[in-house]
Amino acid sequence: MEYFLTEQQKTIKGLARRIAEERILPVRAELDETEEFPWGVIKDLADSDMFRVFIPEEYEGLGGGCFELCLVIEELSRVCSGIAVSYAASALGPLTLLEYGTEAQKQKYLPDIASGKKLTAFALTEATAGSDASAIRTTAERVGGGYVLNGTKQFITNGGEAELYTVIVLTDKTRGARGASAFLVEKDTPGFSFGKKERKMGIRASSTRELIFRNCLVPEENMIGKPGMGFIMTMKLLDRSRPGIGAQAVGLAQGALEAAVDYTRQRIQFGQPLISLPVVQDILADMAIRVEAARALVYAAARTIDSGAKSFTEESAMAKVFASDTAMKVTTDAVQVCGGAGYMRDYPVEKMMRDAKITQIYEGSNQVLRNAIAFELRKRKARRE
Ligand SMILES: Cc1cc2nc3c(=O)[nH]c(=O)nc-3n(C[C@H](O)[C@H](O)[C@H](O)COP(=O)(O)OP(=O)(O)OC[C@H]3O[C@@H](n4cnc5c(N)ncnc54)[C@H](O)[C@@H]3O)c2cc1C
């Protein structure tokens, strides 16, 4: 399918593919096994200016948008979505800062994010607040010159590895979601530490960890936006970031499709390659159709966002849901057509199947996002009546 990429977009995509094949491919199985954070690859991505892609030019970035970011995430995920998510989370971290930060905050942090010197993370989820993000309990109490944070965040990607965290907390406990605010917290701030590192089914090269705040004093100038805006900023941020999860899903589905085609071409049963069997051809064709449809939807959502559209909740949710369901289906089918070999750790498709599952869960589970899409449909219908 032709997606009419600009020369710059083709260059970014080509570079991301090269890093994936030359740097990620040789280490993906080992890092999946050891659950080690991919610092070597992160350095390669930084040296190749990949962290500049999503930062505006005035802050030493390349000025790309959601679409360029999706191209990079897709290419990295085609080889290893566990490593890709560490990169993607570092794009999620500064999104609130980019949208709502002051000029001083942007000048202070964005150049180091663009160079890859500072990896970032975004922290919303807590033990009591998953799909219901409004149930967060971490507080920030106003004191002279700043805010004191107390509470624990859970399941935070890049936790313990990132230098800079965007953290959503309650500055007014009495107002629920309307009392939430966003803060930038640096890793070495006293009172900020890291708890349990999760052991996961998939994306095992990524770090998923608790963030613990115990009387952690954060300067007032680290608040992003205004007090009480935290929840609304988060909802808007997630609308913007979900095509990135879609791109992760498309990349890993593409990787699984390619692995399945390679395997069925060389595997001989009943005196012929498996790919000669009509049933196998049907499965492969359906996989290819789904991957292309998911890619088209993700690209369309990303381009809608970059066009400056005001609202894109529906497009963004549709892209994430369809692409992640596609990744789960396609990776499962890839294991199926590879048979027993596909089930073994020596082949990449079992890892891809494990990696695919999370794309249906995080940044809004697919059930919750289907609710959101239905809500938008009802609103639209009500407007027509
Ligand atoms: C590997 C990993 C990385 C993560 N990274 C981050 C991160 O960097 N930052 C961060 O803030 N969070 C992160 N998360 C958290 C993630 O976004 C949440 O896990 C996710 O939003 C779901 O919340 P939950 O796990 O509490 O599930 P729950 O909310 O308990 O949901 C459990 C099930 O119930 C369903 N459900 C819940 N409510 C509804 C509803 N209203 N209608 C229909 N079905 C419903 C869900 O779809 C799901 O199937 C991460 C999670 C994981 C596992």
# chains A, B, ... in the order shown; residues from 1 in each chain; ligands from 1

call {"tool": "residues_around", "arguments": {"residues": "Leu69 in chain A", "least_positions_apart": "3", "cutoff": "8 Å", "atoms": "only C-alpha atoms", "output": "ChimeraX atom specification"}}
result
/A:53-54,64-66,72-73,244

call {"tool": "write_last_selection", "arguments": {"atoms": "C-alpha atoms", "output": "mmCIF file, in the first residue's frame"}}
result
data_model
loop_
_atom_site.group_PDB
_atom_site.id
_atom_site.type_symbol
_atom_site.label_atom_id
_atom_site.label_comp_id
_atom_site.auth_asym_id
_atom_site.auth_seq_id
_atom_site.Cartn_x
_atom_site.Cartn_y
_atom_site.Cartn_z
ATOM 1 C CA VAL A 53 11.846 12.884 15.991
ATOM 2 C CA PHE A 54 8.941 13.913 18.268
ATOM 3 C CA GLY A 64 8.048 15.524 13.595
ATOM 4 C CA GLY A 65 4.582 14.700 14.888
ATOM 5 C CA CYS A 66 2.549 11.678 15.843
ATOM 6 C CA VAL A 72 9.746 4.715 14.315
ATOM 7 C CA ILE A 73 7.715 2.695 16.846
ATOM 8 C CA GLY A 244 1.677 4.920 19.075
#

call {"tool": "closest_atom_pairs", "arguments": {"of": "chain A", "to": "ligand 1", "cutoff": "9 Å", "atoms": "only C-alpha atoms and all ligand atoms", "output": "CSV"}}
result
residue,atom,partner,partner_atom_place_in_ligand_line,distance
A:Val85,CA,ligand 1,3 (C),8.9
A:Ala89,CA,ligand 1,8 (O),6.4
A:Leu92,CA,ligand 1,8 (O),8.3
A:Gly93,CA,ligand 1,8 (O),8.4
A:Ala121,CA,ligand 1,8 (O),6.2
A:Phe122,CA,ligand 1,9 (N),5.1
A:Ala123,CA,ligand 1,11 (O),4.0
A:Leu124,CA,ligand 1,11 (O),3.5
A:Thr125,CA,ligand 1,11 (O),3.9
A:Glu126,CA,ligand 1,11 (O),7.5
A:Ala127,CA,ligand 1,26 (O),7.0
A:Thr128,CA,ligand 1,26 (O),7.3
A:Ala129,CA,ligand 1,26 (O),6.0
A:Gly130,CA,ligand 1,26 (O),3.1
A:Ser131,CA,ligand 1,29 (O),3.6
A:Asp132,CA,ligand 1,29 (O),6.1
A:Ala133,CA,ligand 1,21 (O),7.8
A:Lys153,CA,ligand 1,11 (O),7.5
A:Gln154,CA,ligand 1,12 (N),6.9
A:Phe155,CA,ligand 1,50 (C),4.6
A:Ile156,CA,ligand 1,8 (O),3.9
A:Thr157,CA,ligand 1,8 (O),3.7
A:Asn158,CA,ligand 1,8 (O),6.9
A:Gly159,CA,ligand 1,8 (O),7.7
A:Val167,CA,ligand 1,11 (O),8.4
A:Ile168,CA,ligand 1,11 (O),8.5
A:Glu198,CA,ligand 1,1 (C),8.1
A:Lys200,CA,ligand 1,1 (C),7.0
A:Met201,CA,ligand 1,1 (C),8.7
A:Gly202,CA,ligand 1,1 (C),7.9
A:Ile203,CA,ligand 1,1 (C),7.1
A:Arg204,CA,ligand 1,1 (C),8.5
A:Ser206,CA,ligand 1,1 (C),8.0
A:Ser207,CA,ligand 1,1 (C),8.2
A:Thr208,CA,ligand 1,3 (C),5.7
A:Arg209,CA,ligand 1,3 (C),8.4
A:Ile358,CA,ligand 1,53 (C),6.3
A:Thr359,CA,ligand 1,1 (C),8.9
A:Gln360,CA,ligand 1,47 (O),8.5
A:Ile361,CA,ligand 1,20 (C),5.5
A:Tyr362,CA,ligand 1,17 (O),3.9
A:Glu363,CA,ligand 1,17 (O),4.5
A:Gly364,CA,ligand 1,21 (O),4.7
A:Ser365,CA,ligand 1,47 (O),4.6
A:Asn366,CA,ligand 1,47 (O),6.0
A:Gln367,CA,ligand 1,47 (O),4.5
A:Val368,CA,ligand 1,42 (N),4.9
A:Leu369,CA,ligand 1,47 (O),8.4
A:Arg370,CA,ligand 1,43 (C),8.2
A:Asn371,CA,ligand 1,42 (N),6.6

call {"tool": "residues_around", "arguments": {"residues": "Arg345 in chain A", "least_positions_apart": "6", "cutoff": "10 Å", "atoms": "only C-alpha atoms", "output": "PyMOL selection string"}}
result
chain A and resi 29+33+351

call {"tool": "select_by_dssp", "arguments": {"residues": "range 181-246 of chain A", "states": "strand (DSSP E)", "output": "JSON, numbers by chain"}}
result
{"A": [181, 182, 183, 184, 185, 186, 192, 193, 194, 195, 196, 197, 208, 209, 210, 211, 212, 213, 214, 215, 216, 217, 218, 219, 223, 224]}

call {"tool": "closest_residue", "arguments": {"among": "A:Gly61, A:Pro348, A:Gly101, A:Pro111", "to": "Ala253 in chain A", "atoms": "only C-alpha atoms"}}
result
A:Pro348

call {"tool": "closest_residue", "arguments": {"among": "A:Ala256, A:Ala16, A:Leu97, A:Ala247", "to": "Ala323 in chain A", "atoms": "only C-alpha atoms"}}
result
A:Ala247

call {"tool": "select_by_dssp", "arguments": {"residues": "range 218-298 of chain A", "states": "alpha helix (DSSP H)", "output": "PyMOL selection string"}}
result
chain A and resi 230-266+278-298

call {"tool": "write_last_selection", "arguments": {"atoms": "C-alpha atoms", "output": "mmCIF file, in the first residue's frame"}}
result
data_model
loop_
_atom_site.group_PDB
_atom_site.id
_atom_site.type_symbol
_atom_site.label_atom_id
_atom_site.label_comp_id
_atom_site.auth_asym_id
_atom_site.auth_seq_id
_atom_site.Cartn_x
_atom_site.Cartn_y
_atom_site.Cartn_z
ATOM 1 C CA GLY A 230 -4.252 17.024 35.545
ATOM 2 C CA PHE A 231 -7.067 14.687 34.582
ATOM 3 C CA ILE A 232 -8.228 16.539 31.496
ATOM 4 C CA MET A 233 -4.607 16.931 30.310
ATOM 5 C CA THR A 234 -4.142 13.183 30.777
ATOM 6 C CA MET A 235 -7.226 12.292 28.744
ATOM 7 C CA LYS A 236 -6.028 14.550 25.921
ATOM 8 C CA LEU A 237 -2.518 13.146 26.145
ATOM 9 C CA LEU A 238 -3.792 9.569 25.838
ATOM 10 C CA ASP A 239 -5.870 10.502 22.779
ATOM 11 C CA ARG A 240 -2.599 11.695 21.261
ATOM 12 C CA SER A 241 -0.480 8.736 22.302
ATOM 13 C CA ARG A 242 -2.783 5.805 21.467
ATOM 14 C CA PRO A 243 -1.848 5.638 17.770
ATOM 15 C CA GLY A 244 1.677 4.920 19.075
ATOM 16 C CA ILE A 245 0.371 1.742 20.736
ATOM 17 C CA GLY A 246 -1.394 1.021 17.449
ATOM 18 C CA ALA A 247 1.958 1.389 15.675
ATOM 19 C CA GLN A 248 3.579 -0.955 18.191
ATOM 20 C CA ALA A 249 0.852 -3.502 17.426
ATOM 21 C CA VAL A 250 1.174 -3.071 13.649
ATOM 22 C CA GLY A 251 4.948 -3.479 13.818
ATOM 23 C CA LEU A 252 4.821 -6.654 15.797
ATOM 24 C CA ALA A 253 2.021 -8.095 13.628
ATOM 25 C CA GLN A 254 4.136 -7.304 10.555
ATOM 26 C CA GLY A 255 7.112 -9.073 12.129
ATOM 27 C CA ALA A 256 4.973 -12.134 12.888
ATOM 28 C CA LEU A 257 3.554 -12.187 9.339
ATOM 29 C CA GLU A 258 7.048 -12.094 7.820
ATOM 30 C CA ALA A 259 8.264 -14.851 10.151
ATOM 31 C CA ALA A 260 5.226 -16.991 9.268
ATOM 32 C CA VAL A 261 5.770 -16.555 5.515
ATOM 33 C CA ASP A 262 9.486 -17.415 5.845
ATOM 34 C CA TYR A 263 8.754 -20.513 7.903
ATOM 35 C CA THR A 264 5.939 -21.888 5.730
ATOM 36 C CA ARG A 265 8.047 -21.392 2.602
ATOM 37 C CA GLN A 266 10.831 -23.604 3.876
ATOM 38 C CA PRO A 278 -4.613 -23.549 0.356
ATOM 39 C CA VAL A 279 -5.570 -23.527 4.058
ATOM 40 C CA VAL A 280 -2.205 -22.043 5.008
ATOM 41 C CA GLN A 281 -2.452 -19.536 2.154
ATOM 42 C CA ASP A 282 -5.874 -18.430 3.456
ATOM 43 C CA ILE A 283 -4.471 -17.867 6.938
ATOM 44 C CA LEU A 284 -1.489 -15.907 5.611
ATOM 45 C CA ALA A 285 -3.678 -13.814 3.311
ATOM 46 C CA ASP A 286 -6.024 -12.922 6.173
ATOM 47 C CA MET A 287 -3.041 -12.003 8.334
ATOM 48 C CA ALA A 288 -1.736 -9.688 5.599
ATOM 49 C CA ILE A 289 -5.155 -8.046 5.088
ATOM 50 C CA ARG A 290 -5.543 -7.367 8.805
ATOM 51 C CA VAL A 291 -2.031 -5.936 9.157
ATOM 52 C CA GLU A 292 -2.515 -3.563 6.228
ATOM 53 C CA ALA A 293 -5.947 -2.461 7.457
ATOM 54 C CA ALA A 294 -4.524 -1.797 10.926
ATOM 55 C CA ARG A 295 -1.619 0.168 9.454
ATOM 56 C CA ALA A 296 -3.990 2.302 7.358
ATOM 57 C CA LEU A 297 -6.119 3.090 10.417
ATOM 58 C CA VAL A 298 -3.106 3.942 12.607
#

call {"tool": "residues_around", "arguments": {"residues": "Gly179 in chain A", "least_positions_apart": "3", "cutoff": "12 Å", "atoms": "only C-alpha atoms", "output": "list in words"}}
result
Ser134, Ala135, Ile136, Arg137, Thr138, Thr139, Ala140, Glu141, Ile168, Val169, Leu170, Thr171, Asp172, Lys173, Thr174, Arg175, Gly176, Ala182, Lys226, Pro227, Gly228, Met229, Gly230, Phe231 and Ile232 of chain A
